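> Below you'll find start.cif; it's mmCIF, C-alpha atoms.
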data_run
#
loop_
_atom_site.label_atom_id
_atom_site.label_comp_id
_atom_site.auth_asym_id
_atom_site.auth_seq_id
_atom_site.Cartn_x
_atom_site.Cartn_y
_atom_site.Cartn_z
CA MET R 154 0.00 0.00 0.00
CA ASP R 155 1.23 3.50 -0.82
CA ASP R 156 2.08 5.18 2.50
CA SER R 157 1.83 8.68 1.04
CA VAL R 158 -1.81 9.05 1.92
CA LEU R 159 -4.29 7.78 4.39
CA THR R 160 -7.72 7.55 2.84
CA LEU R 161 -10.45 8.73 5.20
CA ALA R 162 -13.44 8.16 2.97
CA THR R 163 -14.20 7.19 -0.57
CA THR R 164 -17.53 8.00 -2.13
CA GLN R 165 -19.38 6.65 -5.09
CA THR R 166 -21.19 9.09 -7.33
CA ASN R 167 -24.14 6.72 -7.66
CA THR R 168 -24.86 6.43 -3.93
CA ILE R 169 -28.60 6.67 -3.35
CA ALA R 170 -29.65 8.62 -0.27
CA PRO R 171 -32.85 7.87 1.59
CA LYS R 172 -35.55 10.21 0.25
CA ASN R 173 -36.45 11.60 3.67
CA LEU R 174 -32.92 12.86 4.43
CA GLY R 175 -32.36 14.93 1.30
CA GLU R 176 -29.00 15.47 -0.39
CA SER R 177 -25.75 14.55 1.36
CA TYR R 178 -22.85 16.99 1.77
CA LEU R 179 -19.32 16.45 3.01
CA LYS R 180 -18.95 18.96 5.85
CA PHE R 181 -15.57 20.51 6.65
CA GLU R 182 -13.93 23.57 8.16
CA VAL R 183 -11.97 25.84 5.82
CA GLY R 184 -10.78 28.78 7.89
CA GLN R 185 -11.64 31.01 10.81
CA GLY R 186 -14.18 28.40 11.93
CA THR R 187 -16.14 28.63 8.68
CA GLN R 188 -18.10 25.45 7.99
CA VAL R 189 -18.82 24.47 4.39
CA GLY R 190 -20.42 21.53 2.67
CA LEU R 191 -19.72 20.04 -0.72
CA PRO R 192 -22.28 17.80 -2.44
CA MET R 193 -21.14 14.19 -2.11
CA ARG R 194 -21.66 13.74 -5.85
CA HIS R 195 -18.64 16.07 -6.32
CA VAL R 196 -16.45 14.36 -3.70
CA GLN R 197 -14.24 11.63 -5.07
CA GLU R 198 -12.23 11.03 -1.95
CA VAL R 199 -11.06 12.49 1.35
CA LEU R 200 -7.50 11.83 2.45
CA VAL R 201 -4.58 12.93 4.58
CA LEU R 202 -1.34 13.74 2.78
CA GLN R 203 2.06 14.10 4.37
CA PRO R 204 3.85 17.26 3.12
CA ARG R 205 6.74 15.25 1.67
CA TYR R 206 4.33 13.89 -0.95
CA LEU R 207 3.29 17.35 -2.12
CA THR R 208 5.52 18.73 -4.86
CA PRO R 209 5.76 22.52 -4.64
CA ILE R 210 6.04 24.28 -8.00
CA PRO R 211 7.87 27.63 -8.02
CA ASN R 212 6.27 30.85 -9.26
CA LEU R 213 2.66 29.75 -8.90
CA MET R 214 -0.21 32.00 -7.88
CA PRO R 215 -0.73 32.21 -4.11
CA GLY R 216 -3.17 29.54 -3.03
CA ILE R 217 -1.77 26.77 -5.22
CA LEU R 218 0.23 24.51 -2.90
CA GLY R 219 1.66 22.22 -5.58
CA LEU R 220 1.05 18.86 -7.22
CA MET R 221 0.29 15.45 -5.77
CA HIS R 222 0.15 12.04 -7.39
CA ARG R 223 -2.99 9.99 -6.81
CA ARG R 224 -4.30 6.97 -8.71
CA SER R 225 -1.96 7.47 -11.68
CA ARG R 226 -2.90 11.16 -12.00
CA ALA R 227 -1.22 14.40 -11.06
CA LEU R 228 -3.62 16.69 -9.19
CA TRP R 229 -3.25 20.37 -8.31
CA VAL R 230 -3.58 20.98 -4.57
CA PHE R 231 -5.00 24.36 -3.57
CA ASP R 232 -5.88 26.18 -0.36
CA LEU R 233 -9.68 26.36 -0.32
CA ALA R 234 -9.74 28.99 2.44
CA MET R 235 -7.60 31.28 0.29
CA LEU R 236 -9.84 30.72 -2.75
CA LEU R 237 -12.88 31.64 -0.64
CA ASP R 238 -11.02 34.66 0.82
CA ILE R 239 -11.49 33.55 4.43
CA GLY R 240 -7.88 33.10 5.49
CA ARG R 241 -5.21 30.60 4.63
CA LEU R 242 -3.89 27.28 5.84
CA ASP R 243 -0.75 26.67 7.82
CA TYR R 244 1.69 25.80 5.05
CA SER R 245 4.03 23.83 7.32
CA PRO R 246 1.68 21.24 8.82
CA GLN R 247 2.35 17.68 9.88
CA GLN R 248 -0.26 16.66 7.31
CA TYR R 249 -2.76 18.14 4.88
CA ASP R 250 -6.45 17.20 5.00
CA LEU R 251 -7.55 17.03 1.37
CA VAL R 252 -10.89 16.73 -0.36
CA ILE R 253 -10.58 15.52 -3.93
CA LEU R 254 -13.23 17.37 -5.87
CA ARG R 255 -14.36 15.94 -9.20
CA THR R 256 -16.86 16.95 -11.84
CA GLY R 257 -16.72 15.06 -15.11
CA SER R 258 -13.10 14.35 -15.98
CA THR R 259 -11.68 17.28 -13.98
CA ALA R 260 -10.32 16.72 -10.48
CA VAL R 261 -8.36 18.84 -7.99
CA ALA R 262 -7.46 18.49 -4.32
CA ALA R 263 -8.73 21.14 -1.91
CA ALA R 264 -6.70 21.50 1.29
CA VAL R 265 -8.98 22.18 4.28
CA ASN R 266 -8.56 22.64 8.03
CA ARG R 267 -10.60 19.66 9.14
CA VAL R 268 -13.20 17.24 7.76
CA ASP R 269 -16.22 17.02 10.09
CA GLY R 270 -18.44 14.36 8.50
CA ILE R 271 -21.61 14.34 6.46
CA ALA R 272 -24.58 16.71 6.62
CA TRP R 273 -27.95 16.15 4.98
CA ALA R 274 -30.22 18.84 3.62
CA LYS R 275 -33.68 18.73 2.09
CA PRO R 276 -34.59 21.40 -0.46
CA ASP R 277 -36.80 23.06 2.20
CA ASP R 278 -33.75 23.40 4.52
CA LEU R 279 -31.78 25.51 2.03
CA GLN R 280 -31.53 29.23 2.71
CA PRO R 281 -29.96 32.01 0.64
CA VAL R 282 -26.37 32.95 1.39
CA PRO R 283 -26.41 36.02 3.66
CA SER R 284 -25.17 39.18 2.00
CA HIS R 285 -22.88 40.02 4.93
CA VAL R 286 -20.48 37.09 4.33
CA THR R 287 -17.05 37.63 2.86
CA LYS R 288 -17.28 38.50 -0.84
CA GLY R 289 -14.98 35.60 -1.80
CA LEU R 290 -17.48 33.05 -0.51
CA ILE R 291 -20.46 34.30 -2.53
CA PRO R 292 -19.51 33.13 -6.07
CA TYR R 293 -18.78 29.60 -4.84
CA SER R 294 -21.79 29.12 -2.52
CA LYS R 295 -25.22 28.14 -3.73
CA ALA R 296 -27.05 28.14 -0.38
CA CYS R 297 -26.58 27.58 3.32
CA ILE R 298 -28.19 25.48 6.03
CA LEU R 299 -28.43 25.80 9.79
CA GLN R 300 -27.28 22.80 11.77
CA SER R 301 -26.82 22.81 15.54
CA GLN R 302 -26.40 26.59 15.76
CA ASP R 303 -23.82 26.50 12.92
CA VAL R 304 -24.22 27.96 9.46
CA ILE R 305 -22.93 25.60 6.78
CA PHE R 306 -22.27 27.20 3.40
CA LEU R 307 -23.06 24.74 0.61
CA LEU R 308 -20.45 25.05 -2.10
CA ASP R 309 -20.91 24.63 -5.83
CA GLY R 310 -18.23 22.15 -6.97
CA GLU R 311 -18.50 23.18 -10.61
CA ALA R 312 -18.04 26.88 -9.73
CA ILE R 313 -14.93 26.01 -7.71
CA LEU R 314 -13.43 24.10 -10.64
CA GLN R 315 -14.06 27.14 -12.84
CA ALA R 316 -12.31 29.52 -10.40
CA PRO R 317 -9.70 31.76 -12.06
CA LEU R 318 -7.09 30.41 -9.64
CA LEU R 319 -7.57 26.89 -10.99
CA GLN R 320 -8.09 27.85 -14.63
CA SER R 321 -4.59 29.27 -14.93
CA HIS R 322 -3.11 25.77 -14.43
#
Mind converting the file's structure to structure tokens?

Amino acid sequence: MDDSVLTLATTQTNTIAPKNLGESYLKFEVGQGTQVGLPMRHVQEVLVLQPRYLTPIPNLMPGILGLMHRRSRALWVFDLAMLLDIGRLDYSPQQYDLVILRTGSTAVAAAVNRVDGIAWAKPDDLQPVPSHVTKGLIPYSKACILQSQDVIFLLDGEAILQAPLLQSH
């Protein structure tokens, strides 16, 4: 087994959720305590990567941490908090928590603070994104939900993959 990563969870895009729970979202913290959720249909995998397996590339835009090798593919690793303009990760950690985001044939690895599990939301639970949130979060959020006194911003995986930061690579 490749010791470069520890897989936390693998999802299948054809997983059928019980109708009464709604859509499933991977819930994680990205910065400054901000909770976000990504539709499970856009999550390929969640893993922990030791920094020695991340290849930094010089002269990249801030927010791009480098390249990693996973399942015979090279993937860009980026700081999701920086993309959302809500801070930045510690770039000298013991390990990176990564969410591999995939839509169609495009995949990237988003570095996050911490993965917190799965949240479920029915269409009736969705609320508009408040206008007072940081401006960087708005183009990548499609809604939010309240869960145990926390606001979880539901991200749009396709919008993230179209971000200017990721399109330049």
> Might you spell out which residues the PyMOL selection byres ((chain R and resi 202) around 6) would select in the displayed file, as JSON, numbers by chain?
{"R": [158, 201, 203, 248, 249]}
> Write out, as a Markdown table, each residue of segment 168-227 of chain R that has an atom at most 12 Å from segment 286-302 of chain R, together with the closest pair of atoms and their distance in Å to one decimal, counting only C-alpha atoms, rows going by chain and rising number.

| residue | atom | partner | partner_atom | distance |
| --- | --- | --- | --- | --- |
| R:Glu176 | CA | R:Ile298 | CA | 11.9 |
| R:Tyr178 | CA | R:Ile298 | CA | 10.9 |
| R:Lys180 | CA | R:Gln300 | CA | 10.9 |
| R:Val183 | CA | R:Leu290 | CA | 11.1 |
| R:Gly184 | CA | R:Leu290 | CA | 11.6 |
| R:Gln185 | CA | R:Thr287 | CA | 11.7 |
| R:Thr187 | CA | R:Leu290 | CA | 10.3 |
| R:Gln188 | CA | R:Cys297 | CA | 9.9 |
| R:Val189 | CA | R:Cys297 | CA | 8.4 |
| R:Gly190 | CA | R:Cys297 | CA | 8.7 |
| R:Leu191 | CA | R:Ser294 | CA | 9.5 |
| R:Pro192 | CA | R:Lys295 | CA | 10.8 |
> Atom CA of Pro317 of chain R and atom CA of Val268 of chain R are how many Å apart?
24.8 Å
> Applying the PyMOL selection byres ((chain R and resi 311) around 12) to the file I just gave you, which residues come out? Please list them as a list in words.
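On this input, the PyMOL selection byres ((chain R and resi 311) around 12) captures Leu191, Pro192, Arg194, His195, Val196, Leu254, Arg255, Thr256, Gly257, Ser258, Thr259, Ala260, Val261, Pro292, Tyr293, Ser294, Lys295, Leu308, Asp309, Gly310, Ala312, Ile313, Leu314, Gln315, Ala316 and Leu319 of chain R.
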> Nearest to Leu179 of chain R: which of R:Ile271, R:Val199, R:Met214, R:Met221 is it, counting all atoms listed in the file?
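Smallest separation from Leu179 of chain R among the options: R:Ile271.
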> Between atom CA of Ala274 of chain R and atom CA of Ser177 of chain R, what is the distance, to one decimal in Å?
6.6 Å
